[in-house]
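Engineer: Got a structure here, written out as structure tokens. Questions coming.
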Amino acid sequence: MAITLRPGDALLAVDVQNDFLPGGTLAVGGGDAVIPALNRYLDLATKLRLPVYASRDWHPREHCSFAAQGGAWPQHCVAGSPGAQFAPGLKLPPEAIVIDKGVDSQREAYSAFEGTELAALLRRAGVRRLLIGGLATDYCVLNTVRDALANGFEVLLLCDAIKAVNVNPEDGAHAEREMQRLGAQPVTAADFDHEPSDQPAAH
Ligand code: VGL
Ligand code: ZN
């Protein structure tokens, strides 16, 4: 099933931040594998002049999701801290649009759409279909995909560019099934008929 990218497509990289990578405070096992995978899609998006969005978890120091506040997670992605920076190896283009989420200390926000301008920005840019990858499959990717579909966007789930936390061992697998059930199309790089070396489509 060859997929041809076209105007109206955009790439969304979810929370590829140091704290979610090996060595970080909320490390996703093998999470660094999403970086080269996403870089291939970033390359393709840049070559085809498709817009790129990158969300980041951007919490105040006393966010409600942190254990010290009675939440479920160790402190992570404190706004402005090194752990909140995008992975240095992620080749985001300079024109990538950054979406901060989880900025309200009293609210959890797994989805990149929650409490952000993302849906409005996408509509304004004429985006109809989103290629979504990043971290973590069972939290922020799942909730972002759910909201993307609920907002009327088509979703191509980049299965080779996501990784799960797996608090329970099957969480990632369940999340992938749930996203498909909701209408996301699971894809990998081999499904695209462009190679990163391709020229932009003829105008
Ligand atoms: C995430 C747990 C807490 C995520 C964010 O980006 O998936 N997970 N905050
Ligand atoms: Zn968080």
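Ordering of the structure tokens sets the chain letters (A, B, ...), residue numbers begin anew at 1 in every chain, and ligands are numbered from 1 in the order given.
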Set the distance at 10 Å and use only C-alpha atoms: which residues neighbour A:Ser55 once local chain neighbours fewer than 6 positions away are removed? I'd like the list as a ChimeraX atom specification.
Structural biologist: /A:12-17,86,97-101,111-113,116,118,134,140,144
Engineer: Leaving out stretch 46-52 of chain A and any residue of its chain fewer than 3 positions from it, which residues lie within 6 Å of it when counting only C-alpha atoms, given as a PyMOL selection string?
Structural biologist: chain A and resi 10-11+43+96+200
Engineer: Take the residues just selected and output them with N, CA and C atoms as a compact mmCIF listing (two decimals), in the first residue's frame.
Structural biologist:
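File written: selection-v6.txt
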```txt
# COMPACT_ATOMS: atom_id res chain seq x y z
N ALA A 10 0.98 16.91 7.08
CA ALA A 10 1.97 17.52 7.99
C ALA A 10 2.49 16.45 8.92
N LEU A 11 3.67 16.70 9.45
CA LEU A 11 4.31 15.77 10.39
C LEU A 11 4.21 16.35 11.80
N ASP A 43 13.10 14.47 7.11
CA ASP A 43 13.78 14.68 5.85
C ASP A 43 12.79 14.75 4.70
N ALA A 96 10.12 24.50 12.16
CA ALA A 96 9.18 23.64 12.88
C ALA A 96 8.39 24.47 13.89
N PRO A 200 11.02 16.88 -4.74
CA PRO A 200 9.61 17.22 -4.53
C PRO A 200 8.81 16.84 -5.77
```
Engineer: Can you list, as number ranges by chain, all residues belonging to chain A that DSSP tags as helix (DSSP H, G or I)?
Structural biologist: A: 18-20, 31-47, 67-69, 82-84, 118-124, 137-150, 171-182, 189-191
Engineer: Find, counting only C-alpha atoms and all ligand atoms, the residue in A:Gly71, A:Arg40, A:Gly102, A:Asp19 that gets nearest to ligand 2.
Structural biologist: A:Gly102
Engineer: Could you list, as number ranges by chain, all the residues within 8 Å of ligand 2, counting only C-alpha atoms and all ligand atoms?
Structural biologist: A: 57-59, 65, 73, 76-77, 102, 108-110
Engineer: Nearest to A:Leu131: which of A:Glu95, A:Glu114, A:Asp104, A:Asp160 is it, counting only C-alpha atoms?
Structural biologist: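 Among the listed residues, the smallest separation from A:Leu131 belongs to A:Asp160.
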Engineer: Residues of stretch 17-201 of chain A classed as strand (DSSP E) by DSSP on the backbone are to be reported as an MDAnalysis selection string.
Structural biologist: chainID A and resid 52:57 97:101 129:135 154:163 185:187
Engineer: Could those residues be written to a file, using N, CA and C atoms, as an mmCIF file, in the first residue's frame?
Structural biologist:
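Final file, result13.cif:
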```
data_model
loop_
_atom_site.group_PDB
_atom_site.id
_atom_site.type_symbol
_atom_site.label_atom_id
_atom_site.label_comp_id
_atom_site.auth_asym_id
_atom_site.auth_seq_id
_atom_site.Cartn_x
_atom_site.Cartn_y
_atom_site.Cartn_z
ATOM 1 N N VAL A 52 6.000 20.999 9.658
ATOM 2 C CA VAL A 52 6.421 20.134 10.756
ATOM 3 C C VAL A 52 6.030 20.787 12.077
ATOM 4 N N TYR A 53 5.379 19.991 12.925
ATOM 5 C CA TYR A 53 4.993 20.428 14.271
ATOM 6 C C TYR A 53 5.698 19.520 15.273
ATOM 7 N N ALA A 54 6.101 20.093 16.392
ATOM 8 C CA ALA A 54 6.759 19.297 17.432
ATOM 9 C C ALA A 54 6.177 19.714 18.773
ATOM 10 N N SER A 55 5.564 18.743 19.461
ATOM 11 C CA SER A 55 5.027 19.068 20.783
ATOM 12 C C SER A 55 6.076 18.791 21.840
ATOM 13 N N ARG A 56 5.960 19.503 22.937
ATOM 14 C CA ARG A 56 6.802 19.183 24.094
ATOM 15 C C ARG A 56 6.000 19.316 25.371
ATOM 16 N N ASP A 57 6.253 18.359 26.262
ATOM 17 C CA ASP A 57 5.750 18.404 27.616
ATOM 18 C C ASP A 57 6.516 19.536 28.295
ATOM 19 N N ILE A 97 7.123 24.144 14.023
ATOM 20 C CA ILE A 97 6.257 24.873 14.955
ATOM 21 C C ILE A 97 6.173 24.086 16.256
ATOM 22 N N VAL A 98 6.576 24.731 17.349
ATOM 23 C CA VAL A 98 6.665 24.056 18.649
ATOM 24 C C VAL A 98 5.378 24.290 19.442
ATOM 25 N N ILE A 99 4.824 23.201 19.959
ATOM 26 C CA ILE A 99 3.580 23.254 20.734
ATOM 27 C C ILE A 99 3.887 22.836 22.175
ATOM 28 N N ASP A 100 3.755 23.762 23.115
ATOM 29 C CA ASP A 100 3.970 23.447 24.533
ATOM 30 C C ASP A 100 2.664 22.994 25.165
ATOM 31 N N LYS A 101 2.747 21.936 25.956
ATOM 32 C CA LYS A 101 1.539 21.416 26.617
ATOM 33 C C LYS A 101 1.854 21.033 28.049
ATOM 34 N N ARG A 129 -4.246 15.939 6.984
ATOM 35 C CA ARG A 129 -3.759 14.621 7.407
ATOM 36 C C ARG A 129 -2.447 14.784 8.158
ATOM 37 N N LEU A 130 -2.370 14.077 9.295
ATOM 38 C CA LEU A 130 -1.183 14.176 10.154
ATOM 39 C C LEU A 130 -0.424 12.863 10.188
ATOM 40 N N LEU A 131 0.886 12.941 10.016
ATOM 41 C CA LEU A 131 1.768 11.806 10.277
ATOM 42 C C LEU A 131 2.263 11.990 11.702
ATOM 43 N N ILE A 132 1.951 11.024 12.568
ATOM 44 C CA ILE A 132 2.252 11.208 13.994
ATOM 45 C C ILE A 132 3.189 10.119 14.496
ATOM 46 N N GLY A 133 4.278 10.555 15.136
ATOM 47 C CA GLY A 133 5.202 9.641 15.807
ATOM 48 C C GLY A 133 5.733 10.312 17.057
ATOM 49 N N GLY A 134 6.518 9.562 17.834
ATOM 50 C CA GLY A 134 7.126 10.156 19.025
ATOM 51 C C GLY A 134 6.890 9.331 20.270
ATOM 52 N N LEU A 135 6.850 10.013 21.414
ATOM 53 C CA LEU A 135 6.802 9.358 22.727
ATOM 54 C C LEU A 135 5.663 9.942 23.570
ATOM 55 N N GLU A 154 -7.213 13.277 9.431
ATOM 56 C CA GLU A 154 -6.792 11.900 9.183
ATOM 57 C C GLU A 154 -5.450 11.695 9.876
ATOM 58 N N VAL A 155 -5.192 10.447 10.268
ATOM 59 C CA VAL A 155 -3.933 10.162 10.973
ATOM 60 C C VAL A 155 -3.233 8.966 10.347
ATOM 61 N N LEU A 156 -1.969 9.170 9.997
ATOM 62 C CA LEU A 156 -1.070 8.070 9.680
ATOM 63 C C LEU A 156 -0.180 7.883 10.901
ATOM 64 N N LEU A 157 -0.322 6.747 11.556
ATOM 65 C CA LEU A 157 0.459 6.462 12.768
ATOM 66 C C LEU A 157 1.791 5.844 12.350
ATOM 67 N N LEU A 158 2.870 6.506 12.692
ATOM 68 C CA LEU A 158 4.213 6.076 12.267
ATOM 69 C C LEU A 158 4.722 4.998 13.226
ATOM 70 N N CYS A 159 4.346 3.748 12.924
ATOM 71 C CA CYS A 159 4.583 2.644 13.867
ATOM 72 C C CYS A 159 6.063 2.351 14.105
ATOM 73 N N ASP A 160 6.915 2.772 13.175
ATOM 74 C CA ASP A 160 8.356 2.566 13.378
ATOM 75 C C ASP A 160 8.999 3.763 14.069
ATOM 76 N N ALA A 161 8.188 4.712 14.523
ATOM 77 C CA ALA A 161 8.743 5.917 15.143
ATOM 78 C C ALA A 161 7.994 6.253 16.430
ATOM 79 N N ILE A 162 7.530 5.205 17.125
ATOM 80 C CA ILE A 162 6.861 5.380 18.427
ATOM 81 C C ILE A 162 7.445 4.347 19.396
ATOM 82 N N LYS A 163 7.350 4.634 20.679
ATOM 83 C CA LYS A 163 7.806 3.684 21.707
ATOM 84 C C LYS A 163 6.933 3.881 22.944
ATOM 85 N N GLN A 185 -4.409 5.119 10.599
ATOM 86 C CA GLN A 185 -3.839 4.133 9.676
ATOM 87 C C GLN A 185 -2.393 3.855 10.078
ATOM 88 N N PRO A 186 -2.094 2.601 10.472
ATOM 89 C CA PRO A 186 -0.726 2.293 10.870
ATOM 90 C C PRO A 186 0.179 2.155 9.656
ATOM 91 N N VAL A 187 1.313 2.821 9.678
ATOM 92 C CA VAL A 187 2.231 2.784 8.534
ATOM 93 C C VAL A 187 3.680 2.689 9.038
#
```
Engineer: Rank A:Glu176, A:Asp138, A:Asp147, A:Asp191 by their smallest atom-to-atom distance to ligand 1, using only C-alpha atoms and all ligand atoms, and report the top residue only.
Structural biologist: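 Among the listed residues, A:Asp138 lies closest to ligand 1.
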Engineer: For a quick check of understanding, using only C-alpha atoms, which of A:Ala37, A:Asp171, A:Ala136, A:Ala120 has the smallest distance to A:Asn151?
Structural biologist: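 Smallest separation from A:Asn151 among the options: A:Ala120.
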Engineer: Env of A:His174: 12 Å cut, atoms = only C-alpha atoms, seq-sep filter 6 positions within chain, self excluded. Answer as JSON, numbers by chain.
Structural biologist: {"A": [137, 138, 139, 142, 164, 166, 168, 180, 181]}
Engineer: In Å, rounded to a single decimal, give me how far atom CA of A:Gly89 is from atom CA of A:Pro36.
Structural biologist: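 Separation of atom CA of A:Pro36 and atom CA of A:Gly89: 8.0 Å.
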Engineer: Between A:Leu26, A:Ala150, A:Ile35, A:Leu42, which has the minimum distance to ligand 1 (counting only C-alpha atoms and all ligand atoms)?
Structural biologist: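 Closest candidate: A:Leu26.
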Engineer: Neighbouring residues of A:Val28 were defined as those with any atom within 7 Å, considering only C-alpha atoms; residues of the same chain fewer than 5 positions away were excluded. Please report them as JSON, numbers by chain.
Structural biologist: {"A": [20, 21, 22, 164, 165]}
Engineer: Which residue out of A:Leu90, A:Ala190, A:Ala84, A:Leu44 has the minimum interatomic distance to ligand 1 when only C-alpha atoms and all ligand atoms are used?
Structural biologist: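 So, comparing all the options, the nearest one is A:Ala84.
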